[in-house]
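Source file: run.txt; contents: compact mmCIF, C-alpha atoms.
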```txt
# COMPACT_ATOMS: atom_id res chain seq x y z
CA MET A 924 7.22 18.99 -19.01
CA GLY A 925 9.18 20.75 -16.27
CA ALA A 926 12.77 19.60 -16.08
CA LEU A 927 12.41 17.62 -19.33
CA ARG A 928 12.41 20.94 -21.22
CA ASN A 929 16.12 21.04 -20.37
CA GLN A 930 17.79 19.22 -23.28
CA ASP A 931 20.77 18.02 -21.26
CA PHE A 932 18.60 16.79 -18.41
CA ARG A 933 16.60 14.90 -21.04
CA ARG A 934 19.82 13.18 -22.12
CA LEU A 935 20.63 12.32 -18.50
CA TRP A 936 17.10 11.00 -18.12
CA LEU A 937 17.35 8.83 -21.25
CA ALA A 938 20.71 7.48 -20.10
CA ASP A 939 19.16 6.56 -16.76
CA LEU A 940 16.01 5.00 -18.23
CA VAL A 941 17.48 1.88 -19.85
CA SER A 942 20.33 1.61 -17.35
CA GLN A 943 17.79 1.29 -14.52
CA LEU A 944 15.98 -1.45 -16.42
CA GLY A 945 19.21 -3.38 -16.88
CA SER A 946 20.11 -3.00 -13.22
CA ARG A 947 16.75 -4.44 -12.17
CA ILE A 948 17.41 -7.48 -14.35
CA ASP A 949 20.58 -8.41 -12.47
CA VAL A 950 18.81 -7.99 -9.10
CA LEU A 951 16.87 -11.14 -10.02
CA ALA A 952 19.24 -12.85 -12.45
CA VAL A 953 22.39 -12.88 -10.29
CA PRO A 954 20.90 -14.60 -7.19
CA LEU A 955 18.98 -17.01 -9.42
CA LEU A 956 22.17 -17.80 -11.33
CA ALA A 957 23.98 -18.48 -8.07
CA THR A 958 21.09 -20.56 -6.69
CA THR A 959 20.16 -22.63 -9.73
CA ALA A 960 23.32 -22.93 -11.84
CA LEU A 961 26.01 -22.80 -9.16
CA GLY A 962 24.10 -24.45 -6.30
CA ALA A 963 24.94 -21.65 -3.84
CA SER A 964 23.68 -21.84 -0.26
CA VAL A 965 21.52 -19.15 1.36
CA PHE A 966 24.61 -17.72 3.07
CA GLU A 967 26.58 -17.70 -0.19
CA VAL A 968 23.75 -15.82 -1.92
CA SER A 969 23.80 -13.26 0.91
CA LEU A 970 27.55 -12.86 0.28
CA LEU A 971 26.75 -11.59 -3.22
CA ARG A 972 24.77 -8.66 -1.84
CA THR A 973 27.51 -8.11 0.72
CA ALA A 974 30.14 -7.92 -2.04
CA GLU A 975 28.01 -5.47 -4.03
CA SER A 976 27.74 -2.98 -1.17
CA LEU A 977 31.13 -3.54 0.49
CA PRO A 978 32.91 -0.76 -1.49
CA TYR A 979 30.78 1.87 0.27
CA LEU A 980 31.86 0.57 3.65
CA VAL A 981 35.54 0.60 2.65
CA LEU A 982 35.89 3.61 0.32
CA GLY A 983 32.61 5.54 0.29
CA LEU A 984 33.85 8.63 2.17
CA GLN A 985 37.07 8.83 0.15
CA ALA A 986 35.06 8.59 -3.09
CA GLY A 987 32.94 11.57 -2.05
CA ALA A 988 36.01 13.74 -1.39
CA TRP A 989 37.50 12.71 -4.72
CA CYS A 990 34.27 13.47 -6.62
CA ASP A 991 34.30 17.02 -5.20
CA ARG A 992 37.72 17.55 -6.84
CA VAL A 993 36.90 16.47 -10.42
CA ARG A 994 34.41 16.90 -13.25
CA HIS A 995 31.50 14.49 -12.88
CA ARG A 996 30.47 13.51 -16.40
CA PRO A 997 33.73 11.63 -17.18
CA VAL A 998 33.28 9.69 -13.94
CA LEU A 999 29.76 8.67 -14.97
CA ILE A 1000 30.84 7.59 -18.46
CA ALA A 1001 33.88 5.62 -17.25
CA ALA A 1002 31.79 3.84 -14.61
CA ASP A 1003 29.21 2.82 -17.22
CA PHE A 1004 31.82 1.39 -19.60
CA GLY A 1005 33.51 -0.46 -16.72
CA ARG A 1006 30.24 -1.98 -15.49
CA ALA A 1007 29.35 -3.10 -19.02
CA ALA A 1008 32.66 -4.95 -19.30
CA LEU A 1009 32.37 -6.61 -15.89
CA ILE A 1010 28.75 -7.74 -16.26
CA GLY A 1011 29.49 -8.88 -19.82
CA SER A 1012 32.18 -11.24 -18.51
CA ILE A 1013 29.54 -13.34 -16.69
CA PRO A 1014 27.62 -14.57 -19.77
CA VAL A 1015 30.89 -15.10 -21.63
CA ALA A 1016 32.20 -17.32 -18.82
CA ALA A 1017 28.86 -19.13 -18.58
CA TRP A 1018 28.78 -19.83 -22.32
CA PHE A 1019 32.27 -21.37 -22.09
CA GLY A 1020 31.29 -23.37 -19.00
CA VAL A 1021 33.91 -21.82 -16.68
CA LEU A 1022 31.73 -19.60 -14.48
CA GLY A 1023 32.14 -20.12 -10.74
CA LEU A 1024 31.07 -18.41 -7.54
CA PRO A 1025 34.48 -16.68 -7.05
CA GLN A 1026 34.16 -14.92 -10.41
CA LEU A 1027 30.55 -13.97 -9.64
CA LEU A 1028 31.62 -12.47 -6.31
CA ALA A 1029 34.52 -10.59 -7.94
CA VAL A 1030 32.29 -9.15 -10.67
CA VAL A 1031 29.61 -8.10 -8.19
CA PHE A 1032 32.26 -6.40 -6.05
CA GLY A 1033 33.73 -4.60 -9.08
CA VAL A 1034 30.32 -3.45 -10.26
CA GLY A 1035 29.56 -2.24 -6.73
CA PHE A 1036 32.83 -0.29 -6.69
CA LEU A 1037 32.03 1.47 -9.98
CA THR A 1038 28.40 2.02 -8.98
CA MET A 1039 29.59 3.75 -5.81
CA PHE A 1040 31.46 6.37 -7.87
CA PHE A 1041 28.61 6.60 -10.38
CA ASP A 1042 25.90 7.20 -7.77
CA ILE A 1043 27.87 9.84 -5.86
CA ALA A 1044 28.80 11.70 -9.05
CA HIS A 1045 25.27 11.36 -10.50
CA GLN A 1046 23.51 12.84 -7.48
CA THR A 1047 26.12 15.64 -7.30
CA TYR A 1048 25.88 16.34 -11.04
CA LEU A 1049 22.09 16.82 -11.17
CA PRO A 1050 21.97 20.24 -9.40
CA ARG A 1051 24.43 21.51 -12.02
CA LEU A 1052 22.01 20.68 -14.84
CA VAL A 1053 18.73 22.01 -13.39
CA PRO A 1054 17.86 25.00 -11.14
CA ARG A 1055 17.00 24.47 -7.48
CA GLU A 1056 13.24 24.89 -7.96
CA GLN A 1057 13.24 22.05 -10.52
CA LEU A 1058 15.05 19.56 -8.28
CA PRO A 1059 11.87 17.83 -7.00
CA ASP A 1060 10.58 17.51 -10.58
CA ALA A 1061 13.95 16.25 -11.88
CA ASN A 1062 14.26 13.74 -9.04
CA ALA A 1063 10.66 12.64 -9.67
CA ARG A 1064 11.47 12.04 -13.35
CA LEU A 1065 14.47 9.92 -12.41
CA ALA A 1066 12.35 8.11 -9.82
CA THR A 1067 9.83 7.35 -12.57
CA ASN A 1068 12.65 5.64 -14.47
CA LEU A 1069 13.41 3.61 -11.38
CA SER A 1070 9.77 2.69 -10.95
CA MET A 1071 9.26 1.69 -14.59
CA ALA A 1072 12.38 -0.46 -14.34
CA ALA A 1073 11.08 -1.95 -11.11
CA VAL A 1074 7.87 -2.93 -12.91
CA ALA A 1075 9.35 -4.23 -16.16
CA GLY A 1076 12.74 -5.52 -15.00
CA PRO A 1077 11.81 -8.47 -12.76
CA SER A 1078 9.21 -9.80 -15.18
CA ALA A 1079 11.56 -9.47 -18.14
CA ALA A 1080 14.35 -11.13 -16.18
CA GLY A 1081 12.09 -13.93 -15.02
CA PHE A 1082 10.93 -14.77 -18.55
CA ILE A 1083 14.42 -14.40 -20.05
CA VAL A 1084 15.91 -16.65 -17.38
CA GLN A 1085 13.10 -19.18 -17.88
CA ALA A 1086 13.40 -19.23 -21.67
CA LEU A 1087 17.08 -18.58 -22.41
CA GLY A 1088 18.97 -18.82 -19.12
CA ASN A 1089 20.66 -16.30 -16.83
CA ALA A 1090 23.51 -15.49 -19.24
CA THR A 1091 21.22 -13.79 -21.76
CA ALA A 1092 19.59 -11.68 -19.06
CA LEU A 1093 22.97 -10.42 -17.85
CA ALA A 1094 24.11 -9.71 -21.41
CA ALA A 1095 21.12 -7.37 -21.70
CA ASP A 1096 22.24 -5.65 -18.49
CA ALA A 1097 25.71 -5.05 -19.94
CA LEU A 1098 24.18 -3.45 -23.05
CA SER A 1099 22.11 -1.12 -20.86
CA TYR A 1100 25.28 0.37 -19.36
CA LEU A 1101 26.64 1.02 -22.86
CA TRP A 1102 23.38 2.83 -23.72
CA SER A 1103 23.79 5.02 -20.65
CA ALA A 1104 27.40 5.93 -21.49
CA LEU A 1105 26.51 6.92 -25.05
CA TRP A 1106 23.75 9.31 -23.93
CA LEU A 1107 25.92 10.85 -21.21
CA ARG A 1108 28.57 11.61 -23.84
CA ARG A 1109 26.00 13.79 -25.65
CA ILE A 1110 25.43 16.21 -22.76
CA ARG A 1111 26.60 19.68 -23.75
CA THR A 1112 26.36 21.70 -20.50
CA PRO A 1113 29.95 22.57 -19.47
CA ASP A 1114 31.10 20.32 -16.65
CA VAL A 1115 33.38 22.77 -14.90
CA ARG A 1116 36.25 21.42 -12.84
CA PRO A 1117 35.94 22.59 -9.19
CA GLU A 1118 38.25 25.34 -8.01
CA PRO A 1119 41.63 23.96 -6.88
CA ARG A 1120 42.00 23.76 -3.13
CA GLU A 1121 44.38 22.33 -0.62
CA ARG A 1122 44.04 18.57 -0.71
CA HIS A 1123 43.89 16.89 2.65
CA LEU A 1124 41.73 13.79 2.48
CA LEU A 1125 40.88 13.53 6.17
CA ARG A 1126 39.91 17.22 6.40
CA GLU A 1127 37.79 16.98 3.27
CA ILE A 1128 35.98 13.90 4.58
CA GLY A 1129 35.55 15.59 7.96
CA ALA A 1130 33.88 18.61 6.35
CA GLY A 1131 31.21 16.39 4.79
CA LEU A 1132 30.69 14.51 8.04
CA ARG A 1133 30.26 17.77 9.96
CA VAL A 1134 27.55 19.01 7.60
CA VAL A 1135 25.52 15.81 8.01
CA ARG A 1136 26.08 15.62 11.76
CA GLY A 1137 25.44 19.32 12.35
CA HIS A 1138 22.22 19.76 10.38
CA PRO A 1139 19.22 18.21 12.18
CA ILE A 1140 17.34 17.41 8.96
CA LEU A 1141 20.30 15.77 7.23
CA ARG A 1142 21.15 13.92 10.43
CA ALA A 1143 17.62 12.56 10.86
CA ILE A 1144 17.24 11.51 7.22
CA SER A 1145 20.66 9.85 7.14
CA ALA A 1146 20.01 7.92 10.36
CA TYR A 1147 16.62 6.78 9.07
CA TYR A 1148 18.05 5.68 5.72
CA ALA A 1149 20.85 3.76 7.44
CA CYS A 1150 18.46 1.87 9.73
CA THR A 1151 15.99 1.00 6.98
CA SER A 1152 18.87 -0.02 4.72
CA PHE A 1153 20.15 -2.46 7.34
CA PHE A 1154 16.81 -4.17 7.81
CA GLN A 1155 15.86 -4.05 4.13
CA SER A 1156 19.16 -5.71 3.24
CA MET A 1157 18.27 -8.52 5.66
CA HIS A 1158 15.05 -8.95 3.71
CA LEU A 1159 16.60 -8.72 0.24
CA ALA A 1160 19.41 -11.15 1.06
CA ILE A 1161 16.99 -14.03 1.53
CA VAL A 1162 13.64 -13.19 -0.09
CA ILE A 1163 14.45 -14.62 -3.55
CA VAL A 1164 15.70 -17.84 -1.94
CA PHE A 1165 12.56 -17.89 0.25
CA LEU A 1166 10.29 -17.64 -2.80
CA SER A 1167 12.34 -20.15 -4.80
CA ARG A 1168 13.13 -22.81 -2.20
CA ASP A 1169 10.60 -22.46 0.62
CA LEU A 1170 7.60 -21.75 -1.60
CA GLY A 1171 8.89 -23.64 -4.66
CA LEU A 1172 8.04 -20.89 -7.16
CA ALA A 1173 9.49 -20.96 -10.71
CA PRO A 1174 11.67 -18.04 -11.89
CA TRP A 1175 8.95 -16.67 -14.19
CA VAL A 1176 6.44 -16.70 -11.31
CA ILE A 1177 8.89 -14.80 -9.07
CA GLY A 1178 9.40 -12.27 -11.85
CA LEU A 1179 5.66 -11.89 -12.42
CA LEU A 1180 5.03 -11.49 -8.69
CA SER A 1181 7.65 -8.77 -8.48
CA THR A 1182 6.23 -6.97 -11.50
CA SER A 1183 2.64 -7.01 -10.26
CA SER A 1184 3.69 -5.78 -6.84
CA LEU A 1185 6.11 -3.09 -8.04
CA THR A 1186 3.44 -1.24 -10.01
CA GLY A 1187 3.34 0.90 -6.87
CA ALA A 1188 6.71 2.31 -7.87
CA LEU A 1189 5.35 3.35 -11.25
CA ALA A 1190 2.33 4.99 -9.60
CA ALA A 1191 4.63 6.85 -7.20
CA GLY A 1192 6.90 8.07 -9.97
CA LEU A 1193 3.91 9.52 -11.80
CA THR A 1194 2.22 11.08 -8.75
CA ALA A 1195 5.02 12.05 -6.34
CA ARG A 1196 5.41 15.58 -7.67
CA ARG A 1197 1.66 16.27 -7.46
CA LEU A 1198 1.54 14.69 -4.01
CA GLY A 1199 4.25 17.10 -2.85
CA ASP A 1200 2.38 20.04 -4.36
CA GLY A 1201 -0.83 18.97 -2.62
CA VAL A 1202 0.28 18.12 0.93
CA GLY A 1203 3.77 19.61 0.96
CA PRO A 1204 7.14 17.88 0.55
CA VAL A 1205 7.56 17.18 4.27
CA ARG A 1206 4.21 15.45 4.72
CA ALA A 1207 4.77 13.54 1.49
CA PHE A 1208 8.17 12.34 2.73
CA LEU A 1209 6.88 11.35 6.18
CA GLY A 1210 3.78 9.68 4.74
CA GLY A 1211 5.82 7.69 2.24
CA SER A 1212 8.18 6.55 5.00
CA LEU A 1213 5.31 5.44 7.25
CA LEU A 1214 3.57 3.59 4.42
CA PHE A 1215 6.85 1.85 3.58
CA GLY A 1216 7.18 0.57 7.15
CA LEU A 1217 3.57 -0.50 7.59
CA VAL A 1218 3.13 -2.55 4.44
CA TYR A 1219 6.48 -4.31 4.91
CA GLN A 1220 4.76 -6.30 7.68
CA LEU A 1221 2.89 -8.26 5.00
CA TYR A 1222 5.98 -9.76 3.33
CA PRO A 1223 6.54 -12.50 5.97
CA LEU A 1224 2.90 -13.58 5.60
CA THR A 1225 3.45 -14.59 1.96
CA ASP A 1226 2.64 -18.22 1.15
CA ARG A 1227 1.41 -20.33 -1.73
CA GLY A 1228 -2.12 -19.83 -3.06
CA TRP A 1229 -4.12 -16.77 -2.05
CA ALA A 1230 -1.46 -15.74 0.47
CA LEU A 1231 0.72 -14.68 -2.48
CA ALA A 1232 -1.48 -11.57 -2.43
CA CYS A 1233 0.42 -10.48 0.70
CA TYR A 1234 3.57 -10.18 -1.40
CA VAL A 1235 1.75 -8.20 -4.09
CA VAL A 1236 0.15 -5.76 -1.63
CA ALA A 1237 3.38 -5.36 0.32
CA GLY A 1238 5.31 -4.80 -2.88
CA PHE A 1239 2.86 -2.21 -4.19
CA GLY A 1240 2.77 -0.21 -0.95
CA SER A 1241 6.46 -0.42 -0.12
CA SER A 1242 7.58 0.47 -3.64
CA TYR A 1243 5.17 3.44 -3.68
CA GLY A 1244 6.52 4.60 -0.33
CA VAL A 1245 10.20 4.15 -1.21
CA ILE A 1246 9.90 6.22 -4.40
CA VAL A 1247 8.06 9.06 -2.64
CA LYS A 1248 10.54 9.23 0.22
CA SER A 1249 13.46 8.98 -2.22
CA VAL A 1250 12.22 11.91 -4.34
CA PHE A 1251 11.79 14.29 -1.41
CA GLY A 1252 14.65 13.02 0.75
CA THR A 1253 17.08 13.52 -2.15
CA SER A 1254 15.64 16.97 -2.90
CA PHE A 1255 16.05 17.99 0.75
CA GLN A 1256 19.68 16.92 0.72
CA GLN A 1257 20.47 18.69 -2.55
CA ALA A 1258 18.75 21.89 -1.39
CA ILE A 1259 20.38 22.01 2.06
CA THR A 1260 23.96 21.18 1.13
CA PRO A 1261 26.45 23.83 -0.09
CA PRO A 1262 27.41 22.97 -3.71
CA ASP A 1263 31.12 22.54 -2.98
CA LEU A 1264 30.31 19.93 -0.32
CA LEU A 1265 27.56 18.04 -2.13
CA GLY A 1266 29.78 15.16 -3.25
CA ARG A 1267 31.05 14.56 0.27
CA VAL A 1268 27.59 14.86 1.83
CA ASN A 1269 26.19 12.46 -0.78
CA ALA A 1270 29.04 10.09 -0.04
CA THR A 1271 28.49 10.34 3.72
CA THR A 1272 24.79 9.54 3.38
CA ARG A 1273 25.36 6.76 0.87
CA THR A 1274 28.16 5.28 2.97
CA LEU A 1275 25.74 5.06 5.87
CA ILE A 1276 23.08 3.52 3.61
CA TYR A 1277 25.28 1.08 1.70
CA GLY A 1278 27.89 0.57 4.39
CA VAL A 1279 25.35 -1.25 6.59
CA ILE A 1280 24.14 -3.46 3.73
CA PRO A 1281 26.96 -6.02 4.13
CA LEU A 1282 26.13 -6.21 7.83
CA GLY A 1283 22.41 -6.55 7.15
CA SER A 1284 22.96 -9.12 4.41
CA LEU A 1285 25.20 -11.23 6.63
CA ALA A 1286 22.73 -10.86 9.51
CA GLY A 1287 19.90 -11.96 7.22
CA GLY A 1288 21.80 -15.00 5.99
CA GLY A 1289 22.94 -15.90 9.51
CA LEU A 1290 19.52 -15.45 11.15
CA ALA A 1291 17.82 -17.41 8.39
CA GLY A 1292 20.04 -20.37 9.24
CA VAL A 1293 19.09 -20.14 12.93
CA LEU A 1294 15.50 -18.84 13.01
CA GLY A 1295 14.33 -19.81 9.54
CA MET A 1296 13.63 -17.50 6.62
CA ARG A 1297 10.07 -16.50 7.53
CA ALA A 1298 11.04 -15.47 11.08
CA THR A 1299 13.97 -13.47 9.71
CA LEU A 1300 11.59 -11.65 7.34
CA HIS A 1301 9.46 -10.72 10.39
CA VAL A 1302 12.53 -9.28 12.17
CA ALA A 1303 13.46 -7.22 9.11
CA ALA A 1304 9.92 -5.87 8.69
CA ALA A 1305 9.67 -4.82 12.35
CA GLY A 1306 13.01 -3.01 12.17
CA ILE A 1307 11.91 -1.00 9.12
CA LEU A 1308 8.72 0.17 10.86
CA VAL A 1309 10.47 1.20 14.09
CA SER A 1310 13.02 3.23 12.08
CA VAL A 1311 10.33 5.81 11.18
CA ALA A 1312 10.66 7.25 14.71
CA LEU A 1313 14.06 8.68 13.71
CA LEU A 1314 12.30 11.18 11.43
CA ALA A 1315 10.65 13.06 14.33
CA PRO A 1316 12.75 16.27 13.77
CA LEU A 1317 11.16 16.73 10.34
CA ARG A 1318 7.74 17.43 11.83
CA LYS A 1319 8.78 21.08 12.41
CA LEU A 1320 9.81 21.51 8.76
CA ARG A 1321 7.18 22.91 6.38
CA ASP A 1322 8.84 23.34 2.98
CA LEU A 1323 11.93 22.53 0.91
CA PRO A 1324 14.91 23.60 3.08
CA VAL A 1325 17.38 26.30 2.12
CA THR A 1326 21.11 25.80 1.58
CA ALA A 1327 23.14 25.59 4.75
CA SER A 1328 25.59 28.43 5.35
```
Would you give me this structure, written as structure tokens?
Amino acid sequence: MGALRNQDFRRLWLADLVSQLGSRIDVLAVPLLATTALGASVFEVSLLRTAESLPYLVLGLQAGAWCDRVRHRPVLIAADFGRAALIGSIPVAAWFGVLGLPQLLAVVFGVGFLTMFFDIAHQTYLPRLVPREQLPDANARLATNLSMAAVAGPSAAGFIVQALGNATALAADALSYLWSALWLRRIRTPDVRPEPRERHLLREIGAGLRVVRGHPILRAISAYYACTSFFQSMHLAIVIVFLSRDLGLAPWVIGLLSTSSLTGALAAGLTARRLGDGVGPVRAFLGGSLLFGLVYQLYPLTDRGWALACYVVAGFGSSYGVIVKSVFGTSFQQAITPPDLLGRVNATTRTLIYGVIPLGSLAGGGLAGVLGMRATLHVAAAGILVSVALLAPLRKLRDLPVTAS
């Protein structure tokens, strides 16, 4: 069972399991709510993804420095309770007939703000629960949660939206955050407050930036993640609208398509650890990244009829690749980074990843209005493939890196 033998990691894993499922529901339910119930334009839908990721661009580095000063479990629990309240306000407003796009944007921004703190603290907290040699296994277990949610979430959301409306789907998402908070409260491993140090925000942020900039592996991975994030956000900002409006697919069909294609994520979650054992973590990471870029070229070829298979194949391959590269990329970062800097390094990397999402989302919405949605999907796919070249420095690496001095 590996890392699951650790009782507190098991609690973290259970907290993550349902929370990931709920999060996948709102990935589909929120844009569909905006499109169908509020009549939002393509650009307005892209603004929702921009609002979700904007906190990283504005406060991501500061959040990393702050997380290195405090205990992490209270941050995780508070973020879960806050997200439950915010998401829960959407179905309440919808049931009373007062929901509008401004509230939806405000809630998405607030959830993005709390998710920023949660993600930085979560990734920093994990190495304190499991030993270094179990990090790939622990990250693979969490990636399996992500993959199972990726498989079940869109289909569940599609059928819930079709049968009961968007409000019910988002109510289920709010409950998933409460589940996560309750399991996190049961963790017993002492969450020790970091040693007090002189507080100077700019110096603390600078220390994290220097680690990422100065280490060739961290620098290459961060640059690659930022580039793929930009182009993937272009894709995600418009793909649901493309399937709904251009192809005329019903919500349940979109959900079913996503589920059938994202079985690749489940396969990756179950096989990533063995893949790393067989070919090595570096080859697994590079292979997953290349696969991710190659199969993305099929998304723009999606059409009605048999051409829907392009979406399924692209979804299977890209979701397999993204889980594999996430497992080993995260393990590299956790192994390389000194523990007292992990929050800031996580924040630096995530700020690069999420900070470009608003730009990519706006670019996707803007280009779709000029070039059309299918042409914009081609641009996004090409950008993701070209980004693999940034990982060239990893070819000299043979095993899990050691902590930087």
All residues 8 Å or closer to Leu1282 of chain A, all atoms listed in the file, same chain fewer than 3 positions away omitted, as a PyMOL selection string: chain A and resi 973+1153+1278-1279+1285-1286
Excluding Ser1241 of chain A and any residue of its chain fewer than 2 positions from it, enumerate the residues within 7 Å of it, using only C-alpha atoms, and give them as a PyMOL selection string. chain A and resi 1214-1215+1218-1219+1237-1239+1243-1245
Residues near segment 1006-1011 of chain A, anyone? I mean within 8 Å using only C-alpha atoms, not counting same-chain ones fewer than 4 positions away, as JSON, numbers by chain. {"A": [1002, 1015, 1030, 1033, 1034, 1037, 1038, 1093, 1094, 1096, 1097, 1098, 1099, 1100, 1101]}
Which polymer residues have any atom within 8 Å of an atom of Leu1065 of chain A, counting only C-alpha atoms, with same-chain residues fewer than 6 positions away left out, as a VMD selection string? chain A and resid 936 939 to 940
Which polymer residues have any atom within 9 Å of an atom of Leu1141 of chain A, counting only C-alpha atoms, with same-chain residues fewer than 5 positions away left out, as an mmCIF file with C-alpha atoms, in the coordinates of the input?
```
data_model
loop_
_atom_site.group_PDB
_atom_site.id
_atom_site.type_symbol
_atom_site.label_atom_id
_atom_site.label_comp_id
_atom_site.auth_asym_id
_atom_site.auth_seq_id
_atom_site.Cartn_x
_atom_site.Cartn_y
_atom_site.Cartn_z
ATOM 1 C CA VAL A 1134 27.550 19.010 7.600
ATOM 2 C CA VAL A 1135 25.520 15.810 8.010
ATOM 3 C CA ARG A 1136 26.080 15.620 11.760
ATOM 4 C CA ALA A 1146 20.010 7.920 10.360
ATOM 5 C CA PHE A 1255 16.050 17.990 0.750
ATOM 6 C CA GLN A 1256 19.680 16.920 0.720
ATOM 7 C CA ILE A 1259 20.380 22.010 2.060
ATOM 8 C CA THR A 1260 23.960 21.180 1.130
ATOM 9 C CA THR A 1272 24.790 9.540 3.380
#
```
To one decimal place in Å, what is the distance between atom CA of Ala1315 of chain A and atom CA of Ala1061 of chain A? 26.6 Å
A straight line from atom CA of Ala1190 of chain A to atom CA of Arg1064 of chain A spans 12.1 Å
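Among the candidate residues A:Ile1110, A:Ala952, A:Ala1149, A:Leu971, the one lying nearest to Gly1035 of chain A is A:Leu971, with distances computed using only C-alpha atoms.
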Could you work out how far atom CA of Asn1068 of chain A lies from atom CA of Ala1303 of chain A, giving the answer in Å with one decimal?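 Those two atoms sit 26.9 Å apart.
Using only C-alpha atoms, the smallest distance between any of A:Pro1223, A:Gly1266, A:Gly1288, A:Pro1054 and Val993 of chain A comes from A:Gly1266.
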Closest of A:Leu1294, A:Leu984, A:Ser969, A:Leu951 to Ala1130 of chain A - atom-to-atom distances counting all atoms listed in the file: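 Ranking A:Leu1294, A:Leu984, A:Ser969, A:Leu951 by distance to Ala1130 of chain A, first place goes to A:Leu984.
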Mind giving me the axis-aligned box for segment 1059-1062 of chain A with 4 Å on every side, centre plus edges in Å to one decimal, as lines of an AutoDock Vina configuration file?
```
center_x = 12.4
center_y = 15.8
center_z = -9.4
size_x = 11.7
size_y = 12.1
size_z = 12.9
```
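Candidate residues A:Leu1132, A:Ile1161, A:Leu1049, A:Asp1060 were compared for distance to Arg1297 of chain A, and the nearest is A:Ile1161, using all atoms listed in the file.
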In terms of the shortest atom-to-atom distance over all atoms listed in the file, which of A:Leu1166, A:Lys1319, A:Leu1224, A:Gly1187 is closest to Arg1206 of chain A? A:Lys1319
Among the residues A:His1158, A:Arg934, A:Arg1051, A:Arg1227, the one that comes closest to Val1176 of chain A [using all atoms listed in the file]: A:Arg1227
With all atoms listed in the file counted, which protein, DNA or RNA residues have an atom no more than 10 Å from (5.9, 12.6, 5.1) in the file frame? Please answer as JSON, numbers by chain. {"A": [1199, 1202, 1203, 1204, 1205, 1206, 1207, 1208, 1209, 1210, 1211, 1212, 1213, 1214, 1244, 1247, 1248, 1251, 1252, 1314, 1317, 1318]}
Could you model N, CA and C atoms for segment 1196-1207 of chain A and present them as a PDB file, in the frame of the given file?
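And here is the file that came out, selection29.pdb:
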```pdb
ATOM      1  N   ARG A1196       5.305  14.129  -7.559  1.00  0.00           N
ATOM      2  CA  ARG A1196       5.410  15.580  -7.670  1.00  0.00           C
ATOM      3  C   ARG A1196       4.083  16.243  -7.288  1.00  0.00           C
ATOM      4  N   ARG A1197       2.957  15.698  -7.792  1.00  0.00           N
ATOM      5  CA  ARG A1197       1.660  16.270  -7.460  1.00  0.00           C
ATOM      6  C   ARG A1197       1.313  16.062  -5.993  1.00  0.00           C
ATOM      7  N   LEU A1198       1.752  14.931  -5.434  1.00  0.00           N
ATOM      8  CA  LEU A1198       1.540  14.690  -4.010  1.00  0.00           C
ATOM      9  C   LEU A1198       2.252  15.750  -3.181  1.00  0.00           C
ATOM     10  N   GLY A1199       3.506  16.061  -3.554  1.00  0.00           N
ATOM     11  CA  GLY A1199       4.250  17.100  -2.850  1.00  0.00           C
ATOM     12  C   GLY A1199       3.604  18.458  -2.979  1.00  0.00           C
ATOM     13  N   ASP A1200       3.069  18.759  -4.169  1.00  0.00           N
ATOM     14  CA  ASP A1200       2.380  20.040  -4.360  1.00  0.00           C
ATOM     15  C   ASP A1200       1.120  20.121  -3.512  1.00  0.00           C
ATOM     16  N   GLY A1201       0.443  18.969  -3.334  1.00  0.00           N
ATOM     17  CA  GLY A1201      -0.830  18.970  -2.620  1.00  0.00           C
ATOM     18  C   GLY A1201      -0.685  19.024  -1.104  1.00  0.00           C
ATOM     19  N   VAL A1202       0.176  18.195  -0.531  1.00  0.00           N
ATOM     20  CA  VAL A1202       0.280  18.120   0.930  1.00  0.00           C
ATOM     21  C   VAL A1202       1.581  18.705   1.454  1.00  0.00           C
ATOM     22  N   GLY A1203       2.477  19.085   0.543  1.00  0.00           N
ATOM     23  CA  GLY A1203       3.770  19.610   0.960  1.00  0.00           C
ATOM     24  C   GLY A1203       4.829  18.518   0.949  1.00  0.00           C
ATOM     25  N   PRO A1204       6.084  18.889   0.658  1.00  0.00           N
ATOM     26  CA  PRO A1204       7.140  17.880   0.550  1.00  0.00           C
ATOM     27  C   PRO A1204       7.421  17.136   1.855  1.00  0.00           C
ATOM     28  N   VAL A1205       7.259  17.832   2.993  1.00  0.00           N
ATOM     29  CA  VAL A1205       7.560  17.180   4.270  1.00  0.00           C
ATOM     30  C   VAL A1205       6.532  16.104   4.592  1.00  0.00           C
ATOM     31  N   ARG A1206       5.253  16.450   4.466  1.00  0.00           N
ATOM     32  CA  ARG A1206       4.210  15.450   4.720  1.00  0.00           C
ATOM     33  C   ARG A1206       4.292  14.299   3.732  1.00  0.00           C
ATOM     34  N   ALA A1207       4.624  14.611   2.489  1.00  0.00           N
ATOM     35  CA  ALA A1207       4.770  13.540   1.490  1.00  0.00           C
ATOM     36  C   ALA A1207       5.903  12.599   1.891  1.00  0.00           C
TER      37      ALA A1207
END
```
